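Participant: Before we start, here is the structure in question, set down as structure tokens.
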Amino acid sequence: MERDAFLAQGSSAVLYDRLYLASDTYEMYICNKCYNPMNSFKYCSNCNTDSVSKIQLPFSCKLLLQELQAMGIKINYKPENF
């Protein structure tokens, strides 16, 4: 049954549905100047600016990003509207 769904709708559409739409979404605020995640949605403490974007990502992606940050890998986020 899953094989038929992959063939009928394409694997990218099925993966998008299962990993993004069917899972919990997580909202994150990103600074538009330095592309770092922010602790508060009012201003960035790194570059002292109030230019922010809100992005939504799957909770599994948030967990992966936290694991990468724990290993010392810095992740910059660039919002789509840029």
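In the structure tokens, chains take letters A, B, ... by order of appearance, with residues numbered from 1 within each chain and ligands from 1 in the order shown.
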Hey, what's within 9 Å of region 17-34 of chain A if we count only C-alpha atoms and toss same-chain stuff fewer than 4 positions away? As a ChimeraX atom specification, please?
Facilitator: /A:12-13,38-41,43-44,46-47,49-62,76-79,82
Participant: Taking the DSSP secondary structure from the backbone, can you list the residues of chain A that are helix (DSSP H, G or I), as a VMD selection string?
Facilitator: chain A and resid 2 to 9 11 to 21 59 to 70
Participant: Write out the residues from the selection above, keeping C-alpha atoms, as a JSON list (two decimals), in the first residue's frame.
Facilitator:
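Below is the file that was written, selection34.json:
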[["chain", "number", "residue", "atom", "x", "y", "z"],
["A", 2, "GLU", "CA", 2.80, 2.44, 0.82],
["A", 3, "ARG", "CA", 4.62, 1.44, -2.35],
["A", 4, "ASP", "CA", 1.55, 2.40, -4.36],
["A", 5, "ALA", "CA", 1.40, 5.77, -2.64],
["A", 6, "PHE", "CA", 5.05, 6.44, -3.51],
["A", 7, "LEU", "CA", 4.42, 5.55, -7.13],
["A", 8, "ALA", "CA", 1.15, 7.46, -7.45],
["A", 9, "GLN", "CA", 2.07, 10.76, -5.80],
["A", 11, "SER", "CA", 8.17, 10.14, -3.02],
["A", 12, "SER", "CA", 8.84, 13.84, -2.35],
["A", 13, "ALA", "CA", 5.15, 14.59, -1.84],
["A", 14, "VAL", "CA", 4.74, 11.63, 0.51],
["A", 15, "LEU", "CA", 7.84, 12.57, 2.50],
["A", 16, "TYR", "CA", 6.65, 16.19, 2.72],
["A", 17, "ASP", "CA", 3.27, 15.03, 3.98],
["A", 18, "ARG", "CA", 4.62, 12.55, 6.54],
["A", 19, "LEU", "CA", 7.51, 14.64, 7.88],
["A", 20, "TYR", "CA", 6.04, 18.14, 7.71],
["A", 21, "LEU", "CA", 2.25, 18.16, 7.62],
["A", 59, "PHE", "CA", 9.82, 19.09, 15.23],
["A", 60, "SER", "CA", 12.10, 16.30, 14.02],
["A", 61, "CYS", "CA", 14.16, 18.90, 12.16],
["A", 62, "LYS", "CA", 14.39, 20.98, 15.34],
["A", 63, "LEU", "CA", 15.73, 17.95, 17.21],
["A", 64, "LEU", "CA", 18.31, 17.31, 14.48],
["A", 65, "LEU", "CA", 19.44, 20.94, 14.60],
["A", 66, "GLN", "CA", 19.81, 20.78, 18.38],
["A", 67, "GLU", "CA", 21.96, 17.64, 18.05],
["A", 68, "LEU", "CA", 24.18, 19.40, 15.50],
["A", 69, "GLN", "CA", 24.51, 22.43, 17.77],
["A", 70, "ALA", "CA", 25.46, 20.16, 20.68]]
Participant: Taking only region 16-60 of chain A into account, list the residues labelled strand (DSSP E or B) by DSSP (computed from the backbone), as a list in words.
Facilitator: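 So, restricting region 16-60 of chain A to strand (DSSP E or B), we get Thr25, Tyr26, Glu27, Met28, Tyr29, Ile30, Cys31, Pro37, Val52, Ser53, Lys54, Ile55, Gln56, Leu57 and Pro58 of chain A.
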